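Printed here is work-v8.pdb (PDB, C-alpha atoms and all ligand atoms):
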```pdb
ATOM      1  CA  MET A   1     -10.703  15.163 -22.613  1.00  0.00           C
ATOM      2  CA  ARG A   2     -10.758  17.394 -19.546  1.00  0.00           C
ATOM      3  CA  THR A   3     -14.049  17.972 -17.704  1.00  0.00           C
ATOM      4  CA  PRO A   4     -14.527  21.730 -17.293  1.00  0.00           C
ATOM      5  CA  ILE A   5     -14.755  22.932 -13.709  1.00  0.00           C
ATOM      6  CA  VAL A   6     -16.620  26.088 -12.721  1.00  0.00           C
ATOM      7  CA  ALA A   7     -16.326  27.280  -9.127  1.00  0.00           C
ATOM      8  CA  GLY A   8     -18.135  30.122  -7.381  1.00  0.00           C
ATOM      9  CA  ASN A   9     -15.938  31.982  -4.915  1.00  0.00           C
ATOM     10  CA  TRP A  10     -18.426  33.771  -2.710  1.00  0.00           C
ATOM     11  CA  LYS A  11     -15.670  35.501  -0.707  1.00  0.00           C
ATOM     12  CA  MET A  12     -16.978  37.315   2.415  1.00  0.00           C
ATOM     13  CA  HIS A  13     -20.588  37.389   1.256  1.00  0.00           C
ATOM     14  CA  CYS A  14     -23.779  35.721   2.469  1.00  0.00           C
ATOM     15  CA  THR A  15     -25.101  34.943   5.900  1.00  0.00           C
ATOM     16  CA  THR A  16     -25.985  31.295   6.351  1.00  0.00           C
ATOM     17  CA  SER A  17     -29.590  31.749   5.247  1.00  0.00           C
ATOM     18  CA  GLU A  18     -28.576  33.830   2.202  1.00  0.00           C
ATOM     19  CA  ALA A  19     -26.004  31.193   1.292  1.00  0.00           C
ATOM     20  CA  VAL A  20     -28.556  28.388   1.496  1.00  0.00           C
ATOM     21  CA  GLU A  21     -30.966  30.377  -0.657  1.00  0.00           C
ATOM     22  CA  LEU A  22     -28.299  31.008  -3.306  1.00  0.00           C
ATOM     23  CA  ALA A  23     -27.043  27.412  -3.257  1.00  0.00           C
ATOM     24  CA  SER A  24     -30.576  26.043  -3.546  1.00  0.00           C
ATOM     25  CA  ALA A  25     -31.364  28.308  -6.506  1.00  0.00           C
ATOM     26  CA  ILE A  26     -28.195  27.160  -8.296  1.00  0.00           C
ATOM     27  CA  ARG A  27     -28.901  23.516  -7.450  1.00  0.00           C
ATOM     28  CA  ASP A  28     -32.449  23.714  -8.826  1.00  0.00           C
ATOM     29  CA  ALA A  29     -31.450  25.580 -11.976  1.00  0.00           C
ATOM     30  CA  LEU A  30     -28.710  23.060 -12.763  1.00  0.00           C
ATOM     31  CA  GLN A  31     -30.842  19.990 -12.223  1.00  0.00           C
ATOM     32  CA  GLY A  32     -30.130  17.550 -15.031  1.00  0.00           C
ATOM     33  CA  HIS A  33     -27.149  19.556 -16.235  1.00  0.00           C
ATOM     34  CA  GLU A  34     -24.247  17.377 -17.251  1.00  0.00           C
ATOM     35  CA  GLY A  35     -20.777  18.141 -18.368  1.00  0.00           C
ATOM     36  CA  ALA A  36     -19.103  20.709 -16.179  1.00  0.00           C
ATOM     37  CA  GLU A  37     -18.144  20.038 -12.592  1.00  0.00           C
ATOM     38  CA  VAL A  38     -19.601  22.786 -10.399  1.00  0.00           C
ATOM     39  CA  VAL A  39     -18.178  23.845  -7.043  1.00  0.00           C
ATOM     40  CA  LEU A  40     -19.645  26.313  -4.533  1.00  0.00           C
ATOM     41  CA  CYS A  41     -17.195  27.984  -2.142  1.00  0.00           C
ATOM     42  CA  PRO A  42     -19.184  29.858   0.514  1.00  0.00           C
ATOM     43  CA  PRO A  43     -17.583  31.426   3.602  1.00  0.00           C
ATOM     44  CA  PHE A  44     -16.548  28.964   6.338  1.00  0.00           C
ATOM     45  CA  THR A  45     -19.623  29.818   8.403  1.00  0.00           C
ATOM     46  CA  ALA A  46     -21.994  28.612   5.680  1.00  0.00           C
ATOM     47  CA  LEU A  47     -20.120  25.466   4.612  1.00  0.00           C
ATOM     48  CA  GLU A  48     -22.169  23.057   6.655  1.00  0.00           C
ATOM     49  CA  SER A  49     -25.565  24.492   5.661  1.00  0.00           C
ATOM     50  CA  VAL A  50     -24.653  24.794   1.985  1.00  0.00           C
ATOM     51  CA  GLY A  51     -23.278  21.248   2.123  1.00  0.00           C
ATOM     52  CA  ARG A  52     -26.664  20.073   3.352  1.00  0.00           C
ATOM     53  CA  ALA A  53     -28.510  22.088   0.696  1.00  0.00           C
ATOM     54  CA  ILE A  54     -26.528  20.514  -2.157  1.00  0.00           C
ATOM     55  CA  GLN A  55     -26.366  16.998  -0.743  1.00  0.00           C
ATOM     56  CA  GLY A  56     -27.497  14.446  -3.302  1.00  0.00           C
ATOM     57  CA  SER A  57     -26.924  16.873  -6.179  1.00  0.00           C
ATOM     58  CA  PRO A  58     -23.829  16.840  -8.422  1.00  0.00           C
ATOM     59  CA  LEU A  59     -22.683  20.172  -6.944  1.00  0.00           C
ATOM     60  CA  GLN A  60     -19.500  20.049  -4.889  1.00  0.00           C
ATOM     61  CA  LEU A  61     -18.528  22.011  -1.811  1.00  0.00           C
ATOM     62  CA  GLY A  62     -15.323  24.026  -1.575  1.00  0.00           C
ATOM     63  CA  ALA A  63     -13.629  26.249   1.006  1.00  0.00           C
ATOM     64  CA  GLN A  64     -11.776  29.504   0.380  1.00  0.00           C
ATOM     65  CA  ASP A  65      -8.618  28.874   2.402  1.00  0.00           C
ATOM     66  CA  VAL A  66      -7.034  26.481   4.898  1.00  0.00           C
ATOM     67  CA  HIS A  67      -4.156  26.182   7.375  1.00  0.00           C
ATOM     68  CA  TRP A  68      -1.419  23.682   6.547  1.00  0.00           C
ATOM     69  CA  GLU A  69      -1.316  22.065   9.991  1.00  0.00           C
ATOM     70  CA  GLU A  70      -3.808  19.342  10.870  1.00  0.00           C
ATOM     71  CA  GLN A  71      -4.501  20.858  14.283  1.00  0.00           C
ATOM     72  CA  GLY A  72      -2.833  22.936  16.970  1.00  0.00           C
ATOM     73  CA  ALA A  73      -2.549  26.356  18.550  1.00  0.00           C
ATOM     74  CA  HIS A  74      -3.561  28.470  15.532  1.00  0.00           C
ATOM     75  CA  THR A  75      -6.314  30.769  16.696  1.00  0.00           C
ATOM     76  CA  GLY A  76      -8.845  31.524  14.002  1.00  0.00           C
ATOM     77  CA  GLU A  77      -7.514  28.957  11.557  1.00  0.00           C
ATOM     78  CA  ILE A  78      -9.208  25.927  10.010  1.00  0.00           C
ATOM     79  CA  SER A  79      -7.513  22.698   8.921  1.00  0.00           C
ATOM     80  CA  ALA A  80      -8.016  20.456   5.897  1.00  0.00           C
ATOM     81  CA  PRO A  81      -9.388  17.517   7.953  1.00  0.00           C
ATOM     82  CA  MET A  82     -11.976  19.919   9.432  1.00  0.00           C
ATOM     83  CA  LEU A  83     -13.021  20.915   5.922  1.00  0.00           C
ATOM     84  CA  ARG A  84     -13.203  17.289   4.817  1.00  0.00           C
ATOM     85  CA  ASP A  85     -15.367  16.615   7.861  1.00  0.00           C
ATOM     86  CA  LEU A  86     -17.817  19.265   6.597  1.00  0.00           C
ATOM     87  CA  GLY A  87     -18.053  17.599   3.209  1.00  0.00           C
ATOM     88  CA  CYS A  88     -15.654  19.832   1.269  1.00  0.00           C
ATOM     89  CA  ARG A  89     -14.079  18.368  -1.842  1.00  0.00           C
ATOM     90  CA  TYR A  90     -12.098  21.422  -2.981  1.00  0.00           C
ATOM     91  CA  VAL A  91     -10.128  24.171  -1.251  1.00  0.00           C
ATOM     92  CA  ILE A  92      -9.002  27.413  -2.886  1.00  0.00           C
ATOM     93  CA  VAL A  93      -5.433  28.262  -1.887  1.00  0.00           C
ATOM     94  CA  GLY A  94      -3.285  31.262  -2.720  1.00  0.00           C
ATOM     95  CA  HIS A  95      -6.054  33.579  -3.890  1.00  0.00           C
ATOM     96  CA  SER A  96      -4.496  36.957  -4.652  1.00  0.00           C
ATOM     97  CA  GLU A  97      -6.606  38.593  -1.950  1.00  0.00           C
ATOM     98  CA  ARG A  98      -4.957  36.262   0.551  1.00  0.00           C
ATOM     99  CA  ARG A  99      -1.530  36.610  -1.005  1.00  0.00           C
ATOM    100  CA  THR A 100      -1.908  40.375  -0.488  1.00  0.00           C
ATOM    101  CA  ALA A 101      -3.952  40.804   2.683  1.00  0.00           C
ATOM    102  CA  SER A 102      -2.912  37.688   4.561  1.00  0.00           C
ATOM    103  CA  HIS A 103       0.640  37.428   3.312  1.00  0.00           C
ATOM    104  CA  ASP A 104       0.343  34.069   1.618  1.00  0.00           C
ATOM    105  CA  THR A 105       3.575  33.261  -0.208  1.00  0.00           C
ATOM    106  CA  ASP A 106       4.358  30.541  -2.742  1.00  0.00           C
ATOM    107  CA  GLU A 107       5.846  28.610   0.171  1.00  0.00           C
ATOM    108  CA  SER A 108       2.752  28.825   2.365  1.00  0.00           C
ATOM    109  CA  VAL A 109       0.503  28.143  -0.625  1.00  0.00           C
ATOM    110  CA  ASN A 110       2.597  25.054  -1.332  1.00  0.00           C
ATOM    111  CA  ARG A 111       2.206  23.844   2.257  1.00  0.00           C
ATOM    112  CA  LYS A 112      -1.531  24.491   2.135  1.00  0.00           C
ATOM    113  CA  ALA A 113      -1.916  22.630  -1.156  1.00  0.00           C
ATOM    114  CA  GLY A 114       0.071  19.724   0.317  1.00  0.00           C
ATOM    115  CA  ALA A 115      -2.183  19.627   3.399  1.00  0.00           C
ATOM    116  CA  VAL A 116      -5.302  19.664   1.227  1.00  0.00           C
ATOM    117  CA  ILE A 117      -4.021  16.713  -0.827  1.00  0.00           C
ATOM    118  CA  GLU A 118      -2.926  14.892   2.319  1.00  0.00           C
ATOM    119  CA  ALA A 119      -6.509  15.168   3.603  1.00  0.00           C
ATOM    120  CA  GLY A 120      -7.805  13.610   0.381  1.00  0.00           C
ATOM    121  CA  LEU A 121      -9.200  16.888  -0.970  1.00  0.00           C
ATOM    122  CA  ARG A 122      -8.318  18.863  -4.090  1.00  0.00           C
ATOM    123  CA  PRO A 123      -6.630  22.241  -4.066  1.00  0.00           C
ATOM    124  CA  ILE A 124      -7.526  25.053  -6.464  1.00  0.00           C
ATOM    125  CA  VAL A 125      -4.215  26.893  -6.598  1.00  0.00           C
ATOM    126  CA  CYS A 126      -4.466  30.524  -7.719  1.00  0.00           C
ATOM    127  CA  VAL A 127      -1.729  32.340  -9.609  1.00  0.00           C
ATOM    128  CA  GLY A 128      -1.621  35.575 -11.563  1.00  0.00           C
ATOM    129  CA  GLU A 129       0.318  38.748 -12.235  1.00  0.00           C
ATOM    130  CA  THR A 130      -0.405  42.344 -11.228  1.00  0.00           C
ATOM    131  CA  TRP A 131      -0.973  45.063 -13.814  1.00  0.00           C
ATOM    132  CA  GLU A 132       2.437  46.509 -13.084  1.00  0.00           C
ATOM    133  CA  GLN A 133       4.094  43.150 -13.728  1.00  0.00           C
ATOM    134  CA  ARG A 134       2.164  42.766 -16.992  1.00  0.00           C
ATOM    135  CA  GLU A 135       3.222  46.257 -18.090  1.00  0.00           C
ATOM    136  CA  GLN A 136       6.823  45.335 -17.309  1.00  0.00           C
ATOM    137  CA  LYS A 137       6.382  42.236 -19.508  1.00  0.00           C
ATOM    138  CA  ARG A 138       7.062  40.020 -16.521  1.00  0.00           C
ATOM    139  CA  THR A 139       3.836  37.966 -16.686  1.00  0.00           C
ATOM    140  CA  ALA A 140       5.516  34.757 -17.845  1.00  0.00           C
ATOM    141  CA  GLU A 141       8.315  34.986 -15.287  1.00  0.00           C
ATOM    142  CA  VAL A 142       5.914  35.772 -12.411  1.00  0.00           C
ATOM    143  CA  VAL A 143       3.387  33.066 -13.231  1.00  0.00           C
ATOM    144  CA  ARG A 144       6.068  30.448 -13.889  1.00  0.00           C
ATOM    145  CA  GLY A 145       7.660  31.307 -10.529  1.00  0.00           C
ATOM    146  CA  GLN A 146       4.310  30.975  -8.741  1.00  0.00           C
ATOM    147  CA  ILE A 147       3.650  27.605 -10.395  1.00  0.00           C
ATOM    148  CA  GLU A 148       7.085  26.238  -9.516  1.00  0.00           C
ATOM    149  CA  GLY A 149       6.917  27.569  -5.941  1.00  0.00           C
ATOM    150  CA  SER A 150       3.309  26.656  -5.180  1.00  0.00           C
ATOM    151  CA  LEU A 151       3.269  23.192  -6.744  1.00  0.00           C
ATOM    152  CA  ARG A 152       6.656  21.927  -5.634  1.00  0.00           C
ATOM    153  CA  ASP A 153       6.795  18.342  -4.281  1.00  0.00           C
ATOM    154  CA  LEU A 154       3.073  17.673  -4.475  1.00  0.00           C
ATOM    155  CA  GLY A 155       3.776  14.246  -5.953  1.00  0.00           C
ATOM    156  CA  PRO A 156       0.883  12.301  -7.427  1.00  0.00           C
ATOM    157  CA  GLY A 157      -1.499  14.796  -5.768  1.00  0.00           C
ATOM    158  CA  LEU A 158      -0.727  17.153  -8.613  1.00  0.00           C
ATOM    159  CA  ARG A 159      -3.069  15.041 -10.727  1.00  0.00           C
ATOM    160  CA  GLU A 160      -5.959  16.115  -8.508  1.00  0.00           C
ATOM    161  CA  THR A 161      -4.941  19.755  -8.435  1.00  0.00           C
ATOM    162  CA  VAL A 162      -6.762  22.531 -10.274  1.00  0.00           C
ATOM    163  CA  ILE A 163      -4.978  25.769 -11.187  1.00  0.00           C
ATOM    164  CA  ALA A 164      -6.808  29.072 -11.416  1.00  0.00           C
ATOM    165  CA  TYR A 165      -5.144  31.743 -13.522  1.00  0.00           C
ATOM    166  CA  GLU A 166      -6.417  35.000 -12.089  1.00  0.00           C
ATOM    167  CA  PRO A 167      -4.707  38.150 -13.337  1.00  0.00           C
ATOM    168  CA  VAL A 168      -4.836  40.402 -10.283  1.00  0.00           C
ATOM    169  CA  TRP A 169      -5.826  43.393 -12.425  1.00  0.00           C
ATOM    170  CA  ALA A 170      -8.929  41.557 -13.642  1.00  0.00           C
ATOM    171  CA  ILE A 171     -10.289  40.512 -10.251  1.00  0.00           C
ATOM    172  CA  GLY A 172     -13.386  42.458  -9.286  1.00  0.00           C
ATOM    173  CA  THR A 173     -12.507  45.250 -11.706  1.00  0.00           C
ATOM    174  CA  GLY A 174     -14.811  44.441 -14.607  1.00  0.00           C
ATOM    175  CA  GLN A 175     -11.704  44.340 -16.793  1.00  0.00           C
ATOM    176  CA  THR A 176     -11.343  40.797 -18.149  1.00  0.00           C
ATOM    177  CA  ALA A 177      -8.264  39.373 -19.814  1.00  0.00           C
ATOM    178  CA  SER A 178      -8.888  38.935 -23.524  1.00  0.00           C
ATOM    179  CA  ALA A 179      -9.285  35.373 -24.760  1.00  0.00           C
ATOM    180  CA  GLU A 180      -5.812  35.623 -26.353  1.00  0.00           C
ATOM    181  CA  GLN A 181      -4.184  36.931 -23.167  1.00  0.00           C
ATOM    182  CA  ALA A 182      -5.815  34.176 -21.102  1.00  0.00           C
ATOM    183  CA  GLN A 183      -4.929  31.413 -23.565  1.00  0.00           C
ATOM    184  CA  ALA A 184      -1.283  32.528 -23.722  1.00  0.00           C
ATOM    185  CA  VAL A 185      -0.875  32.286 -19.936  1.00  0.00           C
ATOM    186  CA  HIS A 186      -2.855  29.040 -19.662  1.00  0.00           C
ATOM    187  CA  GLU A 187      -0.560  27.490 -22.233  1.00  0.00           C
ATOM    188  CA  LEU A 188       2.453  28.673 -20.301  1.00  0.00           C
ATOM    189  CA  ILE A 189       1.024  27.186 -17.085  1.00  0.00           C
ATOM    190  CA  ARG A 190       0.515  23.836 -18.782  1.00  0.00           C
ATOM    191  CA  GLU A 191       4.095  23.918 -20.063  1.00  0.00           C
ATOM    192  CA  SER A 192       5.396  24.779 -16.581  1.00  0.00           C
ATOM    193  CA  VAL A 193       3.470  21.872 -15.071  1.00  0.00           C
ATOM    194  CA  ALA A 194       4.802  19.569 -17.786  1.00  0.00           C
ATOM    195  CA  ALA A 195       8.334  20.571 -16.810  1.00  0.00           C
ATOM    196  CA  LEU A 196       7.530  19.865 -13.147  1.00  0.00           C
ATOM    197  CA  ALA A 197       5.496  16.693 -13.392  1.00  0.00           C
ATOM    198  CA  GLY A 198       5.559  15.391 -16.944  1.00  0.00           C
ATOM    199  CA  SER A 199       3.353  15.888 -19.951  1.00  0.00           C
ATOM    200  CA  ASP A 200       0.696  13.340 -18.912  1.00  0.00           C
ATOM    201  CA  VAL A 201      -0.072  15.208 -15.708  1.00  0.00           C
ATOM    202  CA  ALA A 202       0.001  18.531 -17.543  1.00  0.00           C
ATOM    203  CA  ALA A 203      -2.358  17.287 -20.250  1.00  0.00           C
ATOM    204  CA  ALA A 204      -4.909  16.164 -17.641  1.00  0.00           C
ATOM    205  CA  LEU A 205      -4.603  19.280 -15.464  1.00  0.00           C
ATOM    206  CA  ARG A 206      -7.581  21.612 -15.402  1.00  0.00           C
ATOM    207  CA  ILE A 207      -6.791  25.316 -15.561  1.00  0.00           C
ATOM    208  CA  GLN A 208      -9.555  27.781 -14.726  1.00  0.00           C
ATOM    209  CA  TYR A 209      -9.636  31.411 -15.721  1.00  0.00           C
ATOM    210  CA  GLY A 210     -10.737  33.906 -13.056  1.00  0.00           C
ATOM    211  CA  GLY A 211     -11.174  37.664 -13.093  1.00  0.00           C
ATOM    212  CA  SER A 212     -14.424  39.429 -13.983  1.00  0.00           C
ATOM    213  CA  MET A 213     -15.792  36.396 -15.799  1.00  0.00           C
ATOM    214  CA  LYS A 214     -19.465  36.884 -16.542  1.00  0.00           C
ATOM    215  CA  PRO A 215     -22.112  35.436 -18.861  1.00  0.00           C
ATOM    216  CA  SER A 216     -21.175  37.865 -21.635  1.00  0.00           C
ATOM    217  CA  ASN A 217     -17.497  36.900 -21.798  1.00  0.00           C
ATOM    218  CA  ALA A 218     -17.397  33.348 -20.385  1.00  0.00           C
ATOM    219  CA  ALA A 219     -17.996  31.419 -23.602  1.00  0.00           C
ATOM    220  CA  GLU A 220     -15.235  33.142 -25.558  1.00  0.00           C
ATOM    221  CA  LEU A 221     -12.756  32.459 -22.737  1.00  0.00           C
ATOM    222  CA  MET A 222     -13.827  28.871 -22.141  1.00  0.00           C
ATOM    223  CA  VAL A 223     -13.569  27.943 -25.785  1.00  0.00           C
ATOM    224  CA  GLN A 224      -9.796  28.515 -25.672  1.00  0.00           C
ATOM    225  CA  PRO A 225      -7.912  25.218 -25.899  1.00  0.00           C
ATOM    226  CA  ASP A 226      -6.190  25.530 -22.505  1.00  0.00           C
ATOM    227  CA  VAL A 227      -9.053  27.134 -20.552  1.00  0.00           C
ATOM    228  CA  ASP A 228     -10.941  24.447 -18.626  1.00  0.00           C
ATOM    229  CA  GLY A 229     -13.493  26.430 -16.676  1.00  0.00           C
ATOM    230  CA  GLY A 230     -13.687  29.450 -14.423  1.00  0.00           C
ATOM    231  CA  LEU A 231     -13.289  30.689 -10.888  1.00  0.00           C
ATOM    232  CA  ILE A 232     -16.090  33.190 -10.549  1.00  0.00           C
ATOM    233  CA  GLY A 233     -16.328  35.885  -7.878  1.00  0.00           C
ATOM    234  CA  GLY A 234     -18.909  38.630  -8.301  1.00  0.00           C
ATOM    235  CA  ALA A 235     -21.023  36.848 -10.913  1.00  0.00           C
ATOM    236  CA  SER A 236     -21.308  33.744  -8.727  1.00  0.00           C
ATOM    237  CA  LEU A 237     -23.420  35.674  -6.210  1.00  0.00           C
ATOM    238  CA  ASP A 238     -26.241  35.858  -8.711  1.00  0.00           C
ATOM    239  CA  ALA A 239     -27.733  32.428  -9.385  1.00  0.00           C
ATOM    240  CA  LEU A 240     -28.825  33.239 -12.940  1.00  0.00           C
ATOM    241  CA  SER A 241     -25.442  34.647 -13.949  1.00  0.00           C
ATOM    242  CA  PHE A 242     -23.545  31.773 -12.402  1.00  0.00           C
ATOM    243  CA  VAL A 243     -25.783  29.156 -13.983  1.00  0.00           C
ATOM    244  CA  SER A 244     -25.490  30.773 -17.362  1.00  0.00           C
ATOM    245  CA  ILE A 245     -21.682  30.698 -17.072  1.00  0.00           C
ATOM    246  CA  VAL A 246     -21.835  27.000 -16.154  1.00  0.00           C
ATOM    247  CA  ARG A 247     -24.113  26.271 -19.104  1.00  0.00           C
ATOM    248  CA  GLY A 248     -21.705  28.068 -21.433  1.00  0.00           C
ATOM    249  CA  SER A 249     -18.661  26.204 -20.129  1.00  0.00           C
ATOM    250  CA  LEU A 250     -18.827  23.121 -22.312  1.00  0.00           C
ATOM    251  CA  PRO A 251     -16.228  23.009 -25.043  1.00  0.00           C
TER
HETATM  252  P1  LIG B 301     -14.330  38.290  -9.839  1.00  0.00           P
HETATM  253  O1  LIG B 301     -13.434  37.451  -8.789  1.00  0.00           O
HETATM  254  O2  LIG B 301     -15.041  37.277 -10.695  1.00  0.00           O
HETATM  255  O3  LIG B 301     -15.266  39.095  -8.983  1.00  0.00           O
HETATM  256  O4  LIG B 301     -13.398  39.132 -10.613  1.00  0.00           O
HETATM  257  C1  LIG B 301     -12.770  36.275  -9.164  1.00  0.00           C
HETATM  258  C2  LIG B 301     -12.009  35.762  -7.981  1.00  0.00           C
HETATM  259  O5  LIG B 301     -11.472  36.571  -7.214  1.00  0.00           O
HETATM  260  O6  LIG B 301     -11.913  34.532  -7.757  1.00  0.00           O
END
```

Show the structure stored in the file as structure tokens.
Amino acid sequence: MRTPIVAGNWKMHCTTSEAVELASAIRDALQGHEGAEVVLCPPFTALESVGRAIQGSPLQLGAQDVHWEEQGAHTGEISAPMLRDLGCRYVIVGHSERRTASHDTDESVNRKAGAVIEAGLRPIVCVGETWEQREQKRTAEVVRGQIEGSLRDLGPGLRETVIAYEPVWAIGTGQTASAEQAQAVHELIRESVAALAGSDVAAALRIQYGGSMKPSNAAELMVQPDVDGGLIGGASLDALSFVSIVRGSLP
């Protein structure tokens, strides 16, 4: 039985005080909630304050990106040990916005995921096809390639890894993948991981759906056999919406 995992990706939103307010509202509303693991991923600048706000609660802290080196001359970058030091447990790597705008490749995503595991944290590795690739019926090939490239040589750390399937065309567009479309790709991801790391690892692996998930469509997505939670962007900035997605995430 896999524990669902719902993560809020706040992207470049919230000053520190706004982030603390949002985190505190989510923390209070989820008091006593059991079942799903819940992760808040504020911008780097708010990690420490949000970490303090959720201390002692079951909520976990996550970052939105990382550099693969432990330290060094990398102006503007942040390493996995630095994130661990701030209390992070999860790190999103390979989000499509970073694959596009910051030129993340499967190779760099793989190095980042390796660094996150090395630091004792858990990567949330994002994969997903563009609309053009879906129209060309290349979804399976693209996603399989991203899985093989991004998860290569992660060793036993793969057991701690979370995958987020985020069709690029569904992110921030209001256009969600249908439950059938999501389930088909999630199943393919699990098969690809089984080929890489064996069926035990694949069976335990949690695969989130991401892309315009909101309270009105979350339950129907999460009930799919291979959907184990969500990576929520826009709807995670509203405490009520996010909490209602979390509450609907139990199988
Ligand atoms: P969205 O973003 O929920 O706003 O579509 C999801 C994501 O980018 O992680």

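Closest approach to A:Phe242 among A:Gln146, A:Gln71, A:Gln224, A:Ser216: A:Ser216, based on only C-alpha atoms.
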
Query - Nearby residues, ligand LIG 301 (chain B), 9 Å, all atoms listed in the file, as a PyMOL selection string - result: chain A and resi 7-11+95-97+126+164+166+168-176+209-214+230-236

Requested in this report: Measuring atom to atom with all atoms listed in the file, identify which of A:Arg134, A:Arg98, A:Arg206, A:Arg84 is nearest to A:Glu160.
Outcome: A:Arg206

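Reported to one decimal place, the separation of atom CA of A:Ile117 from atom CA of A:Ala202 is 17.3 Å.
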
Given the PyMOL selection byres (((chain A and resi 53) around 8) and not hetatm) and the file above, list the residues it selects as a CSV table (one decimal) with C-alpha atoms, keeping the file's coordinate frame.
```csv
chain,number,residue,atom,x,y,z
A,20,VAL,CA,-28.6,28.4,1.5
A,23,ALA,CA,-27.0,27.4,-3.3
A,24,SER,CA,-30.6,26.0,-3.5
A,49,SER,CA,-25.6,24.5,5.7
A,50,VAL,CA,-24.7,24.8,2.0
A,51,GLY,CA,-23.3,21.2,2.1
A,52,ARG,CA,-26.7,20.1,3.4
A,54,ILE,CA,-26.5,20.5,-2.2
A,55,GLN,CA,-26.4,17.0,-0.7
```

Query raised in the report: Do you know which residues the PyMOL selection byres (((chain A and resi 100-112) around 10) and not hetatm) returns on this file, as a ChimeraX atom specification?
Result: /A:65-69,79-80,91-99,113-118,123,125-127,145-154

What does the file look like for those residues with C-alpha atoms, as an mmCIF file, keeping the file's coordinate frame?
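Just written: out-v8.cif:
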```
data_model
loop_
_atom_site.group_PDB
_atom_site.id
_atom_site.type_symbol
_atom_site.label_atom_id
_atom_site.label_comp_id
_atom_site.auth_asym_id
_atom_site.auth_seq_id
_atom_site.Cartn_x
_atom_site.Cartn_y
_atom_site.Cartn_z
ATOM 1 C CA ASP A 65 -8.618 28.874 2.402
ATOM 2 C CA VAL A 66 -7.034 26.481 4.898
ATOM 3 C CA HIS A 67 -4.156 26.182 7.375
ATOM 4 C CA TRP A 68 -1.419 23.682 6.547
ATOM 5 C CA GLU A 69 -1.316 22.065 9.991
ATOM 6 C CA SER A 79 -7.513 22.698 8.921
ATOM 7 C CA ALA A 80 -8.016 20.456 5.897
ATOM 8 C CA VAL A 91 -10.128 24.171 -1.251
ATOM 9 C CA ILE A 92 -9.002 27.413 -2.886
ATOM 10 C CA VAL A 93 -5.433 28.262 -1.887
ATOM 11 C CA GLY A 94 -3.285 31.262 -2.720
ATOM 12 C CA HIS A 95 -6.054 33.579 -3.890
ATOM 13 C CA SER A 96 -4.496 36.957 -4.652
ATOM 14 C CA GLU A 97 -6.606 38.593 -1.950
ATOM 15 C CA ARG A 98 -4.957 36.262 0.551
ATOM 16 C CA ARG A 99 -1.530 36.610 -1.005
ATOM 17 C CA ALA A 113 -1.916 22.630 -1.156
ATOM 18 C CA GLY A 114 0.071 19.724 0.317
ATOM 19 C CA ALA A 115 -2.183 19.627 3.399
ATOM 20 C CA VAL A 116 -5.302 19.664 1.227
ATOM 21 C CA ILE A 117 -4.021 16.713 -0.827
ATOM 22 C CA GLU A 118 -2.926 14.892 2.319
ATOM 23 C CA PRO A 123 -6.630 22.241 -4.066
ATOM 24 C CA VAL A 125 -4.215 26.893 -6.598
ATOM 25 C CA CYS A 126 -4.466 30.524 -7.719
ATOM 26 C CA VAL A 127 -1.729 32.340 -9.609
ATOM 27 C CA GLY A 145 7.660 31.307 -10.529
ATOM 28 C CA GLN A 146 4.310 30.975 -8.741
ATOM 29 C CA ILE A 147 3.650 27.605 -10.395
ATOM 30 C CA GLU A 148 7.085 26.238 -9.516
ATOM 31 C CA GLY A 149 6.917 27.569 -5.941
ATOM 32 C CA SER A 150 3.309 26.656 -5.180
ATOM 33 C CA LEU A 151 3.269 23.192 -6.744
ATOM 34 C CA ARG A 152 6.656 21.927 -5.634
ATOM 35 C CA ASP A 153 6.795 18.342 -4.281
ATOM 36 C CA LEU A 154 3.073 17.673 -4.475
#
```

Find the residues near A:Ala194: any atom within 12 Å, counting all atoms listed in the file, skip ones fewer than 6 places away on the same chain, and give them as a short mmCIF file (atom, residue, chain, number, x, y, z; two decimals) with C-alpha atoms, keeping the file's coordinate frame.
```cif
data_model
loop_
_atom_site.label_atom_id
_atom_site.label_comp_id
_atom_site.auth_asym_id
_atom_site.auth_seq_id
_atom_site.Cartn_x
_atom_site.Cartn_y
_atom_site.Cartn_z
CA ARG A 144 6.07 30.45 -13.89
CA ILE A 147 3.65 27.60 -10.40
CA GLU A 148 7.08 26.24 -9.52
CA LEU A 151 3.27 23.19 -6.74
CA LEU A 158 -0.73 17.15 -8.61
CA ARG A 159 -3.07 15.04 -10.73
CA GLU A 187 -0.56 27.49 -22.23
CA LEU A 188 2.45 28.67 -20.30
CA ASP A 200 0.70 13.34 -18.91
CA VAL A 201 -0.07 15.21 -15.71
CA ALA A 202 0.00 18.53 -17.54
CA ALA A 203 -2.36 17.29 -20.25
CA ALA A 204 -4.91 16.16 -17.64
CA LEU A 205 -4.60 19.28 -15.46
#
```

Can you list, as a PDB file with C-alpha atoms, in the frame of the given file, every protein, DNA or RNA residue that comes within 9 Å of A:Thr15 when you count all atoms listed in the file, leaving out same-chain residues fewer than 3 positions away?
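Writing done, so here's part.pdb:
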```
ATOM      1  CA  GLU A  18     -28.576  33.830   2.202  1.00  0.00           C
ATOM      2  CA  ALA A  19     -26.004  31.193   1.292  1.00  0.00           C
ATOM      3  CA  VAL A  20     -28.556  28.388   1.496  1.00  0.00           C
ATOM      4  CA  PRO A  43     -17.583  31.426   3.602  1.00  0.00           C
ATOM      5  CA  THR A  45     -19.623  29.818   8.403  1.00  0.00           C
ATOM      6  CA  ALA A  46     -21.994  28.612   5.680  1.00  0.00           C
TER       7      ALA A  46
END
```

Query raised in the report: From the set A:Leu40, A:Met222, A:Leu196, A:Ala140, which residue has the shortest atom-to-atom contact distance to A:Ser249, counting all atoms listed in the file?
Result: A:Met222

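Note that the spacing between atom CA of A:Leu86 and atom CA of A:Glu48 amounts to 5.8 Å.
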